[in-house]
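Below you'll find the structure, written out as structure tokens, and then a few comments.
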Amino acid sequence: MECAFDAQNLISISLMKIQSSRTQRGGIKLHKNLLVTYVLRNARQFYVSKNLSQTQRTHQYEDVAAVRERQDYFELPGSLTELADDFYCNFTGVESDTWHCGAHQHNGQPAEVAHQDASACAMLSPSDADLMVSEACWSCADKSPWELPIPNAQANQKTVLDLDTHVVTTVTNGYFHSDCCAPSKQLQGAQCYAKKRKVDTSYHIVDPEFYLPDFGPVPCKRMRTDDELHSDSDQLDSTNISNLISVLGSGGLSEFVSWQQTDLEQIFAAQTICLKHTLLTGSGWTRAIEAF
Amino acid sequence: MCLNFSLNGSNHLLLSLTSMVHNASFKTDVCPVGARNCSRSCGSSGAVTGAGGGNSDVQWCFSQVKGAIDDDVAEADIISTVEFNHSGELLATGDKGGRVVIFQQEPESKNQPQCRGEYNVYSTFQSHEPEFDYLKSLEIEEKINKIRWLPQKNAAQFLLSTNDKTIKLWKISERDKRPEGYNLKEEDGRYRDLNTVTTLRVPVFKPMDLMVEASPRRVFSNAHTYHINSISVNSDCETYLSADDLRINLWNLEINDRSFNIVDIKPANMEELTEVITAAEFHPNQCNTFVYSSSKGTIRLCDMRASALCDKHAKQFEEPEDPNNRSFFSEIISSISDVKFSHSGRYMMTRDYLSVKIWDLNMESRPVETYQVHEYLRSKLCSLYENDCIFDKFECCWNGNDSVVMTGSYNNFFRMFDRGYRQDVTLEASRENSKPRSVLKPRKVSTGGKRKKDEISVDSLDFNKKILHTAWHPLDNIIAVATTNNLYIFQEKLN
């Protein structure tokens with residue numbers, strides 16, 4: 001039985017496979033990528049159900065099995081707010097090698113908990129959610145002009161990740177703002193990339209919905225080498241979930257991180273996850289499939 | 001026969017009649033128990049002559065190895081398909097560079113009647129070239145995905161070879177005579193000065209060195225949006241099918257500008273895609289029947305007489321998943337990589353990542369036999385996923401009388417399962433065991449804590465050395481096993 005860490009690992013590996021398949025000779029292999037999305041789905045189901053089972057004390061495989069039974073109809077137990085907070089929590093406070101969640105102190109648990117205990121976030125009652133939110137970015141409160149991403153507070157807000165730079169940004173009404181809690185190492189880089197994006201919005205923004213930047217041949221710098229990966233593995237933990245969101249686009253999984261209330265509800269009504277790569281503006285990935 | 005080819009009921013009847021004539025000599029059903037005189041109700045008469053009995057009798061020895069010796073493998077030399085023709089005299093291989101190499105078996109020499117003839121290169125040609133699809137900005141690989149031989153009708157041999165997008169029909173013919181003595185031309189082709197022509201003579205055929213020519217007779221293109229994974233020649237010898245990830249098309253061998261779509265599993269909304277077609281094959285005797293396997297581990301049998309579009313299957317073969325074995329990778333390892341009918345047509349075999357299953361066409365609920373190829377890999381699935389090995393597509397094959405099945409594994413191991421004697425053996429294709437007529441020693445992978453002598457531990461297996469393609473001579477105990485870039489030929493040890 002794989003632990004939650006393996007699930008995260010699998011998710012990031014799967015995303016890299018999908019990404020590298022885009023530039024493979026011979027075109028995208030439909031079969032292989034379909035199988036990779038199954039792994040992604042399983043890993044995510046496991047991760048989510050594991051978190052939720054700690055609150056609901058149900059056997060996690062029951063959850064998974066129940067989900068599977070419904071013919072890929074994706075239904076999650078638990079409240080919308082908890083789910084949103086869970087992932088939001090995972091996005092912020094990435095200053096240490098943990099899924100640091102500012103609200104951990106609230107539970108009396110030590111701040112430096114292993115990432116498996118991100119589930120602690122889910123243990124918070126909904127009423128604490130707002131509290132947690134505002135605390136989560138306490139460290140960044142001083143950092144203007146960054147805006148604090150606040151869930152459920154604004155419409156048209158989405159969290160996106162640039163696969164080139166692994167920078168988490170929040171899109172609000174079509175404008176990019178670099179997330180205040182992006183990994184500190186990359187903060188400088190994030191700053192400059194965010195600025196780049198602001199200038200170049202015409203290239204990126206066609207729709208407030210999240211999309212993948214289009215790319216042709218992938219420049220070498222985008223792919224981290226194994227060495228980099230090992231050293232950055234801690235920081236990658238949080239960005240890996242972001243990767244998950246970004247690559248899978250506006251379908252299925254990415255709706256996890258939509259902070260729009262309506263979108264979160266869409267998760268529960270979502271169709272099958274598989275190959276829903278129809279990013280609204282049409283990324284290279286989608287085009288490769290749709291063009292056939 | 002001149003058929004205005006169209007897919008309607010009456011022509012199917014015509015095709016059925018044709019197949020009856022062609023298959024007048026189809027092989028007898030083989031008793032699955034392997035008994036020589038079967039008293040059970042299956043009514044079979046025993047083994048077909050030529051093929052050996054149970055595996056317990058057979059010892060395999062090295063015969064030949066083809067290909068480069070050095071470890072540095074050129075990507076273009078990677079073997080991607082291996083296929084014997086219907087008589088077993090010819091053995092074709094396709095590689096990643098788009099080349100086809102055909103080996104021919106030497107006739108048995110009178111000096112060594114015990115030793116079956118060697119296979120030597122008969123013909124080599126470039127079947128497919130890399131192409132570029134400008135509309136989609138995609139390069140189309142020249143790798144040969146499959147080769148299928150046509151039954152021989154005249155002196156020439158015909159085979160179908162396919163890459164991801166295009167199927168080609170090749171004619172391989174021999175030329176051992178050439179005309180000499182033209183009146184108007186010199187031997188080198190230059191025209192003679194007419195003034196020098198004083199007498200007339202009749203040109204005659206003179207023997208020449210044997211030349212084997214391969215020429216493309218038909219090119220079947222622009223019918224597949226996705227990557228072609230299978231081709232299969234119908235028993236009527238007039239049609240064949242080609243299958244890609246989502247569709248199966250039916251072709252007439254004579255007509256290359258038209259094909260009929262007979263299976264289409266593409267959903268209206270691609271976001272709802274849940275499975276793809278992984279392999280397809282025509283029934284060996286019934287020209288109206290074919291099967292296709294899916295990435296979800298199901299096999300569907302279709303009858304072309306029922307309707308033009310065979311989306312509704314006549315039978316669906318599926319084994320329920322064992323919930324105890326559920327893992328992140330359950331979908332991947334249940335994906336079927338190959339499906340092969342037995343020669344008799346009564347059974348079919350499927351290969352998924354960890355096992356080989358034999359299905360009785362009359363029973364859809366579960367396979368009649370399941371053989372574990374390398375169950376010890378089940379605990380390694382995570383690392384096999386990381387290094388992409390879990391996506392390897394192993395093929396499988398039957399022996400001539402359907403009593404033994406064979407498939408490949410890692411570390412250049414390949415496995416044989418004797419259905420009758422319920423035995424299995426693991427053998428290795430390596431240069432170290434390559435002394436002529438040296439008997440192959442069975443190998444064993446140690447799964448427990450203690451490793452016995454001569455056993456190899458799971459962690460020592462070389463996952464870069466994989467045997468994906470194997471072929472068994474249709475009549476004899478001769479097998480062709482392809483490692484990455486070498487082709488090994490093993491024969492039964494004869495005394």
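Residue numbers start at 1 in each chain; chains themselves are named A, B, ... in the order of the structure tokens; ligands are numbered from 1 in the order shown.
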
Backbone-only DSSP, strand (DSSP E or B) members of region 225-326 of chain B, as a count of residues only: 45

Pull out every residue of chain B that has at least one atom within 8 Å of chain A, counting only C-alpha atoms, and report them as a PDB file with C-alpha atoms, in the first residue's frame.
ATOM      1  CA  LYS B 136      -0.154  18.318 -38.007  1.00  0.00           C
ATOM      2  CA  LEU B 138       4.240  15.488 -36.852  1.00  0.00           C
ATOM      3  CA  GLU B 139       6.952  13.178 -37.906  1.00  0.00           C
ATOM      4  CA  ILE B 140       5.722   9.732 -38.871  1.00  0.00           C
ATOM      5  CA  GLU B 141       8.087   7.046 -37.714  1.00  0.00           C
ATOM      6  CA  THR B 225      -5.733   8.928 -37.935  1.00  0.00           C
ATOM      7  CA  TYR B 226      -4.112   7.159 -35.020  1.00  0.00           C
ATOM      8  CA  HIS B 227      -1.177   4.780 -34.836  1.00  0.00           C
ATOM      9  CA  ASP B 245      -6.008   3.015 -31.417  1.00  0.00           C
ATOM     10  CA  MET B 270     -12.728  12.746 -26.709  1.00  0.00           C
ATOM     11  CA  GLU B 271     -12.803  13.689 -23.078  1.00  0.00           C
ATOM     12  CA  GLU B 272     -14.844  10.583 -22.457  1.00  0.00           C
ATOM     13  CA  LEU B 273     -12.225   8.267 -23.881  1.00  0.00           C
ATOM     14  CA  THR B 274     -11.631   5.356 -21.568  1.00  0.00           C
ATOM     15  CA  GLU B 275     -10.045   2.670 -23.697  1.00  0.00           C
ATOM     16  CA  VAL B 276      -8.184   2.133 -26.928  1.00  0.00           C
ATOM     17  CA  SER B 295      -6.398  -1.344 -23.066  1.00  0.00           C
ATOM     18  CA  SER B 327      -2.853  -0.774  -7.209  1.00  0.00           C
ATOM     19  CA  PHE B 328      -2.141   2.486  -8.893  1.00  0.00           C
ATOM     20  CA  PHE B 329      -1.083   0.538 -11.933  1.00  0.00           C
ATOM     21  CA  GLU B 331      -5.153  -0.328 -15.480  1.00  0.00           C
ATOM     22  CA  ILE B 332      -1.728  -0.438 -17.050  1.00  0.00           C
ATOM     23  CA  GLU B 386       9.280   5.319 -13.692  1.00  0.00           C
ATOM     24  CA  PHE B 391       4.499   0.190 -21.063  1.00  0.00           C
TER      25      PHE B 391
END

Quick one: distance from CA of Gln64 (chain B) to CA of Tyr122 (chain B) in Å, one decimal? 15.2 Å

For Thr370 (chain B), work out the shell of residues within 8 Å, counting only C-alpha atoms and skipping chain neighbours fewer than 2 positions away, then give it as a list in words. Ser355, Val356, Lys357, Ile358, Pro367, Val368 and Gln372 of chain B

Restrict the selected residues to N, CA and C atoms and save them as an mmCIF file, in the first residue's frame.
data_model
loop_
_atom_site.group_PDB
_atom_site.id
_atom_site.type_symbol
_atom_site.label_atom_id
_atom_site.label_comp_id
_atom_site.auth_asym_id
_atom_site.auth_seq_id
_atom_site.Cartn_x
_atom_site.Cartn_y
_atom_site.Cartn_z
ATOM 1 N N SER B 355 0.966 -11.554 -17.369
ATOM 2 C CA SER B 355 0.491 -12.922 -17.579
ATOM 3 C C SER B 355 0.068 -13.170 -19.017
ATOM 4 N N VAL B 356 -0.116 -14.469 -19.283
ATOM 5 C CA VAL B 356 -0.659 -14.929 -20.561
ATOM 6 C C VAL B 356 -1.955 -15.660 -20.235
ATOM 7 N N LYS B 357 -3.003 -15.385 -20.966
ATOM 8 C CA LYS B 357 -4.287 -16.032 -20.697
ATOM 9 C C LYS B 357 -4.778 -16.712 -21.956
ATOM 10 N N ILE B 358 -5.311 -17.893 -21.769
ATOM 11 C CA ILE B 358 -5.890 -18.641 -22.889
ATOM 12 C C ILE B 358 -7.392 -18.627 -22.704
ATOM 13 N N PRO B 367 -10.821 -16.702 -18.545
ATOM 14 C CA PRO B 367 -9.955 -17.543 -19.382
ATOM 15 C C PRO B 367 -9.935 -18.974 -18.866
ATOM 16 N N VAL B 368 -9.617 -19.900 -19.729
ATOM 17 C CA VAL B 368 -9.528 -21.296 -19.292
ATOM 18 C C VAL B 368 -8.172 -21.580 -18.668
ATOM 19 N N GLN B 372 1.471 -17.178 -15.325
ATOM 20 C CA GLN B 372 2.203 -16.002 -14.856
ATOM 21 C C GLN B 372 3.569 -15.959 -15.524
#

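Look at Tyr488 (chain B): the protein and nucleic acid residues within 8 Å of it, using only C-alpha atoms and passing over chain neighbours fewer than 6 places away, are Phe62, Ser63, Gln64, Val65, Lys66, Ala429, Ala480, Val481 and Ala482 of chain B.
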
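Taking CA of Phe490 (chain B) and CA of Asn411 (chain B) as the two end points, the separation is 17.4 Å.
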
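Pairwise distance (CA of Glu129 (chain B), CA of Gly97 (chain B)) equals 7.9 Å.
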
Residues near region 159-167 of chain B, cut-off 9 Å, only C-alpha atoms, skip fewer than 3 positions along chain, as a VMD selection string: (chain A and resid 26) or (chain B and resid 85 94 98 100 127 to 128 140 to 151 170 to 172 218 to 233 242 244)

Could you write out that same residue set with N, CA, C and O atoms as a compact mmCIF listing (two decimals), in the first residue's frame?
# COMPACT_ATOMS: atom_id res chain seq x y z
N GLY A 26 7.22 10.93 -33.67
CA GLY A 26 6.13 10.06 -34.05
C GLY A 26 4.78 10.52 -33.53
O GLY A 26 3.77 9.90 -33.82
N ASN B 85 6.62 -17.26 -42.35
CA ASN B 85 5.53 -17.37 -43.34
C ASN B 85 4.79 -18.68 -43.11
O ASN B 85 5.09 -19.43 -42.17
N GLY B 94 11.25 -6.95 -39.09
CA GLY B 94 11.19 -5.53 -39.39
C GLY B 94 11.91 -4.79 -38.28
O GLY B 94 11.96 -5.27 -37.14
N GLY B 98 12.85 0.98 -40.47
CA GLY B 98 11.97 0.81 -41.62
C GLY B 98 12.41 -0.27 -42.59
O GLY B 98 11.86 -0.39 -43.68
N VAL B 100 13.08 -4.22 -43.84
CA VAL B 100 12.60 -5.59 -43.70
C VAL B 100 13.73 -6.51 -44.16
O VAL B 100 14.32 -6.30 -45.22
N SER B 127 11.41 -0.79 -46.40
CA SER B 127 9.96 -0.81 -46.60
C SER B 127 9.35 0.57 -46.43
O SER B 127 8.57 1.02 -47.25
N HIS B 128 9.68 1.21 -45.33
CA HIS B 128 9.08 2.51 -45.04
C HIS B 128 10.16 3.53 -44.77
O HIS B 128 11.22 3.21 -44.23
N ILE B 140 6.27 11.08 -38.87
CA ILE B 140 5.72 9.73 -38.87
C ILE B 140 6.89 8.77 -38.88
O ILE B 140 7.69 8.76 -39.82
N GLU B 141 6.96 7.97 -37.85
CA GLU B 141 8.09 7.05 -37.71
C GLU B 141 8.06 5.99 -38.79
O GLU B 141 6.99 5.54 -39.21
N GLU B 142 9.26 5.57 -39.19
CA GLU B 142 9.35 4.53 -40.21
C GLU B 142 9.39 3.14 -39.61
O GLU B 142 9.46 2.15 -40.34
N LYS B 143 9.34 3.07 -38.30
CA LYS B 143 9.42 1.78 -37.63
C LYS B 143 8.35 0.84 -38.13
O LYS B 143 7.18 1.20 -38.24
N ILE B 144 8.75 -0.39 -38.44
CA ILE B 144 7.80 -1.40 -38.91
C ILE B 144 7.10 -1.98 -37.68
O ILE B 144 7.73 -2.61 -36.83
N ASN B 145 5.80 -1.76 -37.60
CA ASN B 145 5.07 -2.26 -36.45
C ASN B 145 4.70 -3.73 -36.60
O ASN B 145 4.71 -4.47 -35.62
N LYS B 146 4.30 -4.12 -37.79
CA LYS B 146 3.89 -5.50 -38.00
C LYS B 146 4.20 -5.93 -39.42
O LYS B 146 4.14 -5.13 -40.37
N ILE B 147 4.49 -7.22 -39.55
CA ILE B 147 4.61 -7.86 -40.87
C ILE B 147 3.68 -9.06 -40.86
O ILE B 147 3.65 -9.82 -39.89
N ARG B 148 2.91 -9.23 -41.91
CA ARG B 148 2.08 -10.41 -42.04
C ARG B 148 2.26 -10.97 -43.45
O ARG B 148 2.16 -10.25 -44.45
N TRP B 149 2.49 -12.27 -43.51
CA TRP B 149 2.66 -12.94 -44.81
C TRP B 149 1.30 -13.30 -45.39
O TRP B 149 0.37 -13.67 -44.68
N LEU B 150 1.22 -13.26 -46.70
CA LEU B 150 0.05 -13.78 -47.38
C LEU B 150 0.32 -15.24 -47.72
O LEU B 150 1.47 -15.62 -47.98
N PRO B 151 -0.72 -16.06 -47.73
CA PRO B 151 -0.49 -17.45 -48.15
C PRO B 151 -0.01 -17.46 -49.60
O PRO B 151 -0.45 -16.66 -50.44
N TRP B 170 4.13 -6.00 -50.37
CA TRP B 170 5.40 -6.24 -51.07
C TRP B 170 5.37 -7.59 -51.76
O TRP B 170 4.90 -8.58 -51.21
N LYS B 171 5.90 -7.58 -52.97
CA LYS B 171 6.07 -8.83 -53.71
C LYS B 171 7.54 -9.17 -53.71
O LYS B 171 8.38 -8.36 -54.09
N ILE B 172 7.83 -10.37 -53.26
CA ILE B 172 9.23 -10.82 -53.25
C ILE B 172 9.35 -11.95 -54.25
O ILE B 172 8.71 -13.01 -54.09
N ARG B 218 1.31 -2.52 -53.66
CA ARG B 218 0.21 -1.65 -53.26
C ARG B 218 0.69 -0.83 -52.06
O ARG B 218 1.44 -1.32 -51.23
N VAL B 219 0.17 0.38 -52.01
CA VAL B 219 0.41 1.22 -50.83
C VAL B 219 -0.95 1.64 -50.31
O VAL B 219 -1.74 2.26 -51.03
N PHE B 220 -1.24 1.28 -49.08
CA PHE B 220 -2.55 1.59 -48.47
C PHE B 220 -2.33 2.70 -47.46
O PHE B 220 -1.80 2.46 -46.38
N SER B 221 -2.72 3.89 -47.81
CA SER B 221 -2.40 5.02 -46.93
C SER B 221 -3.62 5.89 -46.70
O SER B 221 -4.67 5.70 -47.30
N ASN B 222 -3.46 6.83 -45.78
CA ASN B 222 -4.47 7.85 -45.48
C ASN B 222 -5.77 7.28 -44.96
O ASN B 222 -6.83 7.82 -45.19
N ALA B 223 -5.68 6.16 -44.28
CA ALA B 223 -6.92 5.61 -43.71
C ALA B 223 -6.91 5.62 -42.19
O ALA B 223 -7.91 5.27 -41.58
N HIS B 224 -5.79 5.99 -41.60
CA HIS B 224 -5.69 5.91 -40.15
C HIS B 224 -5.24 7.22 -39.55
O HIS B 224 -4.20 7.75 -39.91
N THR B 225 -6.07 7.70 -38.63
CA THR B 225 -5.73 8.93 -37.94
C THR B 225 -4.77 8.65 -36.79
O THR B 225 -3.92 9.47 -36.48
N TYR B 226 -4.93 7.52 -36.17
CA TYR B 226 -4.11 7.16 -35.02
C TYR B 226 -3.07 6.14 -35.45
O TYR B 226 -2.97 5.78 -36.61
N HIS B 227 -2.31 5.66 -34.50
CA HIS B 227 -1.18 4.78 -34.84
C HIS B 227 -1.64 3.35 -35.06
O HIS B 227 -2.27 2.75 -34.20
N ILE B 228 -1.27 2.80 -36.21
CA ILE B 228 -1.63 1.43 -36.53
C ILE B 228 -0.87 0.49 -35.61
O ILE B 228 0.35 0.59 -35.47
N ASN B 229 -1.61 -0.43 -34.96
CA ASN B 229 -0.93 -1.39 -34.11
C ASN B 229 -1.02 -2.81 -34.63
O ASN B 229 -0.23 -3.67 -34.25
N SER B 230 -1.98 -3.12 -35.52
CA SER B 230 -2.13 -4.49 -36.01
C SER B 230 -2.57 -4.52 -37.45
O SER B 230 -3.28 -3.63 -37.91
N ILE B 231 -2.15 -5.57 -38.14
CA ILE B 231 -2.74 -5.93 -39.42
C ILE B 231 -2.99 -7.44 -39.38
O ILE B 231 -2.28 -8.17 -38.68
N SER B 232 -4.00 -7.88 -40.09
CA SER B 232 -4.30 -9.31 -40.07
C SER B 232 -4.93 -9.68 -41.40
O SER B 232 -5.90 -9.05 -41.83
N VAL B 233 -4.39 -10.71 -42.03
CA VAL B 233 -4.91 -11.16 -43.32
C VAL B 233 -6.06 -12.11 -43.08
O VAL B 233 -5.97 -13.01 -42.23
N SER B 242 -6.78 -3.58 -40.71
CA SER B 242 -5.74 -2.81 -40.05
C SER B 242 -6.40 -2.08 -38.89
O SER B 242 -7.51 -1.56 -39.04
N ASP B 244 -6.00 0.72 -35.64
CA ASP B 244 -5.25 1.71 -34.90
C ASP B 244 -5.88 1.84 -33.52
O ASP B 244 -6.65 0.98 -33.10

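Among the residues of region 90-274 of chain B, backbone DSSP assigns helix (DSSP H, G or I) to Leu194, Asn195, Thr196, Met270, Glu271 and Glu272 of chain B.
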